[in-house]
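Some notes on the structure that comes next.
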Amino acid sequence: MSAARASWFTDFWTTLAAVSGIGYLATAYSVSRWLTRTSRQEPTRPPETPGFICEDLECRTEDGLRLAGWLVTPPQPRATIALFHGLRGHRGVMWNRIAFLANAGYRCVAFDHRGHGQSAGRWTSFGFHERRDVAAVLDLINRRWPGQARAALGISMGAAALCFASGRANDWHAIVLESMYHDLAKAFQTRVGSSYPAWFRRFSRGVVWMTERRLGLRLAELAPIRHIGNLAPTPVLLLTGSDDPYAPPEDVQELFDKCLAPRELSLVSGAGHEDVCEQGGPQYQKMILDFLERWLPPSLTLRAS
C-alpha cells in the first residue's frame with residue numbers, strides 16, 4: 001500500500017470512529033491501553049569490573065508489587081545514589097550513569113519501575129503511581145545503609161516520580177531531575193505527530209477521560225510543576241538537552257522558577273530527550289559530580305559498605 005493510500009485509509013477509519021459514539025469510546029480505550037502499556041524486557045547485565053560488586057536486588061512497594069534491581073558497589077563507597085529510568089526504559093539504560101558514578105566512589109541502586117523491565121505491574125502511569133517505587137527503593141536504602149548520605153537521579157518519568165514522591169523528599173540529601181516533562185497534557189500534545197500518530201489528537205479528550213478512570217487519578221495531578229516546590233529544602237539540580245522536544249529549555253525554566261532554593265539549572269548543548277548523558281559526556285559527568293560534592297553532607301559520607 002502506498003504512503004498516500006495508507007494515509008487516506010487511516011484518515012477514513014479514524015474519522016469514522018470519531019463520529020461514532022461506540023467507535024470513539026473503543027478507540028479512546030485502545031489508545032489509553034497503548035499509552036499505559038507495560039514494557040517487558042530483560043536488561044543486559046553490567047560487565048564485570050574489577051573491584052566492583054554487582055548484585056541483583058528485589059524490593060516490594062506499598063501496593064505489593066515486586067521490583068527488580070541492581071546494586072553496584074565500588075570499593076569504600078562514599079554515599080548511595082538511586083537511579084530511576086524513564087518511560088519504556090529499564091535499569092539497563094542507566095548503566096552509563098552508574099559507571100561514572102561508581103567510578104567516583106558512589107554506591108548505585110537502580111530498579112525497573114512497575115510494568116517495566118523485570119518488575120511486576122500491569123500498566124504505567126507516567127510517574128504518578130511510580131512514586132511508590134521511589135518510596136520502596138528509598139526504604140530499602142534506609143534499611144541497608146542507615147545514617148549514610150543518599151541522593152536520587154531520575155530521568156523523564158523517573159524524575160516525575162521523584163516529584164510525585166515529594167512527601168519523602170527530606171529523606172534525600174540531593175535530587176537530580178533530568179529531562180522532566182512540565183505536565184502530561186503538554187507532554188501528550190508535543191508527542192502527537194512525532195512519537196504518537198497525528199490522529200490521536202481527534203481522541204484526546206476521550207483518551208484523557210478513559211485513562212483517568214483506568215488509573216484512578218486526574219490528569220491535573222500528572223503535573224510535576226505542581227509538586228516540584230515541595231522538594232524543598234532538598235537541593236535540586238534540573239537539567240535538560242538544548243534540543244529536547246519533550247522537555248525543552250523553556251519548560252524546564254518554568255520548573256526551575258517553581259522550584260524553591262537551593263536549586264540549580266543546567267543545559268546540555270546539542271542533546272535531545274534520550275541522549276543527555278551521551279551527548280554531554282565529560283561535561284555532563286562533571287556537572288552531576290560537582291552537584292553531589294557540593295550538597296551531600298560530609299559528615300554522612302561514611303566510607304563503609
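Note on naming: chains are A, B, ... as they come in the C-alpha cells, residues start from 1 per chain, ligands start from 1 in the order shown.
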| message | Just want the 10 Å neighbourhood of A:Cys277, counted on only C-alpha atoms, with same-chain residues fewer than 6 positions away dropped. Output as a PyMOL selection string. | response | chain A and resi 94+96-97+178+240-241+268+271+283-285
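Using only C-alpha atoms for every distance, the candidate list A:Ala99, A:Ala185, A:Ala160, A:Ala68 yields A:Ala160 as the residue closest to A:Gly86.
The interatomic distance for the pair atom CA of A:Arg91 and atom CA of A:Arg144 works out to 20.0 Å.
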| field | Length of the atom CA of A:Pro224 to atom CA of A:Leu255 vector [Å] | value | 8.1 Å
| message | I'd like to know which residues of stretch 172-293 of chain A are alpha helix (DSSP H) (by DSSP, run on the backbone); could you write them as number ranges by chain? | response | A: 184-191, 204-215, 249-258, 276-293
| If we count only C-alpha atoms, what is near A:Ser156 at a cut-off of 8 Å, once residues fewer than 2 positions away on the same chain are taken out, given as a ChimeraX atom specification? | /A:85-87,154,158-160,177-181
Keeping only C-alpha atoms, write the selected residues to a file as a PDB file, in the first residue's frame.
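The file below, result33.pdb, is the result:
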```
ATOM      1  CA  HIS A  85      14.713   5.428  34.447  1.00  0.00           C
ATOM      2  CA  GLY A  86      12.178   6.927  32.049  1.00  0.00           C
ATOM      3  CA  LEU A  87       9.113   5.614  30.229  1.00  0.00           C
ATOM      4  CA  GLY A 154      15.606  10.481  37.803  1.00  0.00           C
ATOM      5  CA  GLY A 158      11.667   8.715  36.789  1.00  0.00           C
ATOM      6  CA  ALA A 159      12.224  12.407  37.514  1.00  0.00           C
ATOM      7  CA  ALA A 160       8.457  12.972  37.606  1.00  0.00           C
ATOM      8  CA  LEU A 177      15.804  15.815  37.755  1.00  0.00           C
ATOM      9  CA  GLU A 178      16.795  15.145  34.153  1.00  0.00           C
ATOM     10  CA  SER A 179      14.656  15.709  31.023  1.00  0.00           C
ATOM     11  CA  MET A 180      11.449  16.006  33.068  1.00  0.00           C
ATOM     12  CA  TYR A 181       8.141  16.910  31.474  1.00  0.00           C
TER      13      TYR A 181
END
```
| field | Which of stretch 50-138 of chain A fall in strand (DSSP E or B), as a VMD selection string | value | chain A and resid 53 to 60 66 to 73 79 to 84 106 to 111 116 to 117
Residues just named, written with N, CA and C atoms as a PDB file, in the first residue's frame:
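What ended up in selection-v2.pdb:
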```pdb
ATOM      1  N   ILE A  53      31.372  -4.735  42.823  1.00  0.00           N
ATOM      2  CA  ILE A  53      30.461  -5.862  43.048  1.00  0.00           C
ATOM      3  C   ILE A  53      29.093  -5.485  42.502  1.00  0.00           C
ATOM      4  N   CYS A  54      28.529  -6.335  41.633  1.00  0.00           N
ATOM      5  CA  CYS A  54      27.178  -6.127  41.105  1.00  0.00           C
ATOM      6  C   CYS A  54      26.273  -7.240  41.598  1.00  0.00           C
ATOM      7  N   GLU A  55      25.211  -6.867  42.281  1.00  0.00           N
ATOM      8  CA  GLU A  55      24.273  -7.835  42.846  1.00  0.00           C
ATOM      9  C   GLU A  55      22.859  -7.557  42.347  1.00  0.00           C
ATOM     10  N   ASP A  56      22.063  -8.628  42.270  1.00  0.00           N
ATOM     11  CA  ASP A  56      20.636  -8.464  41.998  1.00  0.00           C
ATOM     12  C   ASP A  56      19.929  -8.079  43.288  1.00  0.00           C
ATOM     13  N   LEU A  57      18.925  -7.211  43.164  1.00  0.00           N
ATOM     14  CA  LEU A  57      18.147  -6.765  44.314  1.00  0.00           C
ATOM     15  C   LEU A  57      16.664  -6.941  44.030  1.00  0.00           C
ATOM     16  N   GLU A  58      15.882  -7.044  45.083  1.00  0.00           N
ATOM     17  CA  GLU A  58      14.433  -7.003  44.984  1.00  0.00           C
ATOM     18  C   GLU A  58      13.892  -6.156  46.125  1.00  0.00           C
ATOM     19  N   CYS A  59      12.773  -5.505  45.875  1.00  0.00           N
ATOM     20  CA  CYS A  59      12.047  -4.850  46.953  1.00  0.00           C
ATOM     21  C   CYS A  59      10.569  -4.860  46.593  1.00  0.00           C
ATOM     22  N   ARG A  60       9.738  -4.521  47.558  1.00  0.00           N
ATOM     23  CA  ARG A  60       8.285  -4.514  47.332  1.00  0.00           C
ATOM     24  C   ARG A  60       7.720  -3.145  47.650  1.00  0.00           C
ATOM     25  N   ARG A  66       6.447  -6.404  43.167  1.00  0.00           N
ATOM     26  CA  ARG A  66       7.864  -6.751  43.277  1.00  0.00           C
ATOM     27  C   ARG A  66       8.652  -5.966  42.233  1.00  0.00           C
ATOM     28  N   LEU A  67       9.706  -5.295  42.674  1.00  0.00           N
ATOM     29  CA  LEU A  67      10.578  -4.548  41.779  1.00  0.00           C
ATOM     30  C   LEU A  67      11.925  -5.248  41.685  1.00  0.00           C
ATOM     31  N   ALA A  68      12.460  -5.317  40.467  1.00  0.00           N
ATOM     32  CA  ALA A  68      13.755  -5.953  40.236  1.00  0.00           C
ATOM     33  C   ALA A  68      14.818  -4.880  40.031  1.00  0.00           C
ATOM     34  N   GLY A  69      15.991  -5.097  40.634  1.00  0.00           N
ATOM     35  CA  GLY A  69      17.016  -4.066  40.531  1.00  0.00           C
ATOM     36  C   GLY A  69      18.425  -4.602  40.619  1.00  0.00           C
ATOM     37  N   TRP A  70      19.370  -3.676  40.539  1.00  0.00           N
ATOM     38  CA  TRP A  70      20.799  -3.962  40.703  1.00  0.00           C
ATOM     39  C   TRP A  70      21.380  -3.084  41.800  1.00  0.00           C
ATOM     40  N   LEU A  71      22.388  -3.625  42.444  1.00  0.00           N
ATOM     41  CA  LEU A  71      23.231  -2.867  43.354  1.00  0.00           C
ATOM     42  C   LEU A  71      24.658  -2.965  42.842  1.00  0.00           C
ATOM     43  N   VAL A  72      25.281  -1.815  42.577  1.00  0.00           N
ATOM     44  CA  VAL A  72      26.673  -1.779  42.135  1.00  0.00           C
ATOM     45  C   VAL A  72      27.472  -1.070  43.220  1.00  0.00           C
ATOM     46  N   THR A  73      28.431  -1.808  43.793  1.00  0.00           N
ATOM     47  CA  THR A  73      29.181  -1.302  44.937  1.00  0.00           C
ATOM     48  C   THR A  73      30.660  -1.160  44.587  1.00  0.00           C
ATOM     49  N   ALA A  79      28.728   7.165  49.447  1.00  0.00           N
ATOM     50  CA  ALA A  79      27.304   7.503  49.579  1.00  0.00           C
ATOM     51  C   ALA A  79      26.537   6.605  48.618  1.00  0.00           C
ATOM     52  N   THR A  80      25.219   6.681  48.664  1.00  0.00           N
ATOM     53  CA  THR A  80      24.369   5.866  47.788  1.00  0.00           C
ATOM     54  C   THR A  80      23.578   6.759  46.851  1.00  0.00           C
ATOM     55  N   ILE A  81      23.570   6.394  45.562  1.00  0.00           N
ATOM     56  CA  ILE A  81      22.788   7.106  44.551  1.00  0.00           C
ATOM     57  C   ILE A  81      21.741   6.149  43.995  1.00  0.00           C
ATOM     58  N   ALA A  82      20.467   6.522  44.056  1.00  0.00           N
ATOM     59  CA  ALA A  82      19.381   5.746  43.450  1.00  0.00           C
ATOM     60  C   ALA A  82      19.056   6.346  42.090  1.00  0.00           C
ATOM     61  N   LEU A  83      18.940   5.494  41.073  1.00  0.00           N
ATOM     62  CA  LEU A  83      18.681   5.959  39.716  1.00  0.00           C
ATOM     63  C   LEU A  83      17.336   5.422  39.228  1.00  0.00           C
ATOM     64  N   PHE A  84      16.528   6.315  38.639  1.00  0.00           N
ATOM     65  CA  PHE A  84      15.179   5.973  38.195  1.00  0.00           C
ATOM     66  C   PHE A  84      15.039   6.306  36.706  1.00  0.00           C
ATOM     67  N   TYR A 106      30.598   6.187  44.322  1.00  0.00           N
ATOM     68  CA  TYR A 106      29.216   6.143  44.798  1.00  0.00           C
ATOM     69  C   TYR A 106      28.610   4.755  44.595  1.00  0.00           C
ATOM     70  N   ARG A 107      28.013   4.234  45.645  1.00  0.00           N
ATOM     71  CA  ARG A 107      27.208   3.012  45.536  1.00  0.00           C
ATOM     72  C   ARG A 107      25.964   3.347  44.735  1.00  0.00           C
ATOM     73  N   CYS A 108      25.593   2.511  43.770  1.00  0.00           N
ATOM     74  CA  CYS A 108      24.459   2.796  42.883  1.00  0.00           C
ATOM     75  C   CYS A 108      23.385   1.724  43.008  1.00  0.00           C
ATOM     76  N   VAL A 109      22.150   2.179  43.121  1.00  0.00           N
ATOM     77  CA  VAL A 109      20.979   1.302  43.190  1.00  0.00           C
ATOM     78  C   VAL A 109      20.057   1.696  42.042  1.00  0.00           C
ATOM     79  N   ALA A 110      19.724   0.739  41.176  1.00  0.00           N
ATOM     80  CA  ALA A 110      18.848   1.031  40.030  1.00  0.00           C
ATOM     81  C   ALA A 110      17.806  -0.078  39.915  1.00  0.00           C
ATOM     82  N   PHE A 111      16.538   0.312  39.867  1.00  0.00           N
ATOM     83  CA  PHE A 111      15.427  -0.633  39.759  1.00  0.00           C
ATOM     84  C   PHE A 111      14.622  -0.377  38.495  1.00  0.00           C
ATOM     85  N   HIS A 116       7.824  -2.320  33.895  1.00  0.00           N
ATOM     86  CA  HIS A 116       8.987  -2.175  33.030  1.00  0.00           C
ATOM     87  C   HIS A 116      10.031  -3.241  33.369  1.00  0.00           C
ATOM     88  N   GLY A 117      10.868  -3.543  32.397  1.00  0.00           N
ATOM     89  CA  GLY A 117      11.950  -4.489  32.640  1.00  0.00           C
ATOM     90  C   GLY A 117      11.438  -5.797  33.206  1.00  0.00           C
TER      91      GLY A 117
END
```
| said: Using only C-alpha atoms, can you tell me which of A:His129, A:His273, A:Arg263, A:Arg226 comes closest to A:Ser242? | reply: A:His273
| message | At a cut-off of 10 Å, using only C-alpha atoms, what residues contact A:Ala136? Leave out same-chain residues fewer than 2 positions from it and give the result as a ChimeraX atom specification. | response | /A:58-63,65-67,130-134,138-142
Take the residues just selected and output them with C-alpha atoms as a PDB file, in the first residue's frame.
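Ended up saving to part.pdb:
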```pdb
ATOM      1  CA  GLU A  58      14.433  -7.003  44.984  1.00  0.00           C
ATOM      2  CA  CYS A  59      12.047  -4.850  46.953  1.00  0.00           C
ATOM      3  CA  ARG A  60       8.285  -4.514  47.332  1.00  0.00           C
ATOM      4  CA  THR A  61       6.133  -1.450  47.021  1.00  0.00           C
ATOM      5  CA  GLU A  62       3.414  -0.489  49.480  1.00  0.00           C
ATOM      6  CA  ASP A  63       0.827  -1.744  46.976  1.00  0.00           C
ATOM      7  CA  LEU A  65       4.489  -5.063  43.572  1.00  0.00           C
ATOM      8  CA  ARG A  66       7.864  -6.751  43.277  1.00  0.00           C
ATOM      9  CA  LEU A  67      10.578  -4.548  41.779  1.00  0.00           C
ATOM     10  CA  GLU A 130       5.654   5.110  40.248  1.00  0.00           C
ATOM     11  CA  ARG A 131       6.127   7.387  43.255  1.00  0.00           C
ATOM     12  CA  ARG A 132       5.514   4.217  45.265  1.00  0.00           C
ATOM     13  CA  ASP A 133       8.501   2.637  43.509  1.00  0.00           C
ATOM     14  CA  VAL A 134      10.615   5.601  44.635  1.00  0.00           C
ATOM     15  CA  LEU A 138      14.240   4.706  49.498  1.00  0.00           C
ATOM     16  CA  ASP A 139      13.019   2.392  52.268  1.00  0.00           C
ATOM     17  CA  LEU A 140      15.476  -0.291  51.102  1.00  0.00           C
ATOM     18  CA  ILE A 141      18.361   2.213  51.157  1.00  0.00           C
ATOM     19  CA  ASN A 142      17.403   3.424  54.630  1.00  0.00           C
TER      20      ASN A 142
END
```
| Best match for closeness to A:Pro197 among A:Leu217, A:Ala151, A:Ile22, A:Val31, counting only C-alpha atoms | A:Val31
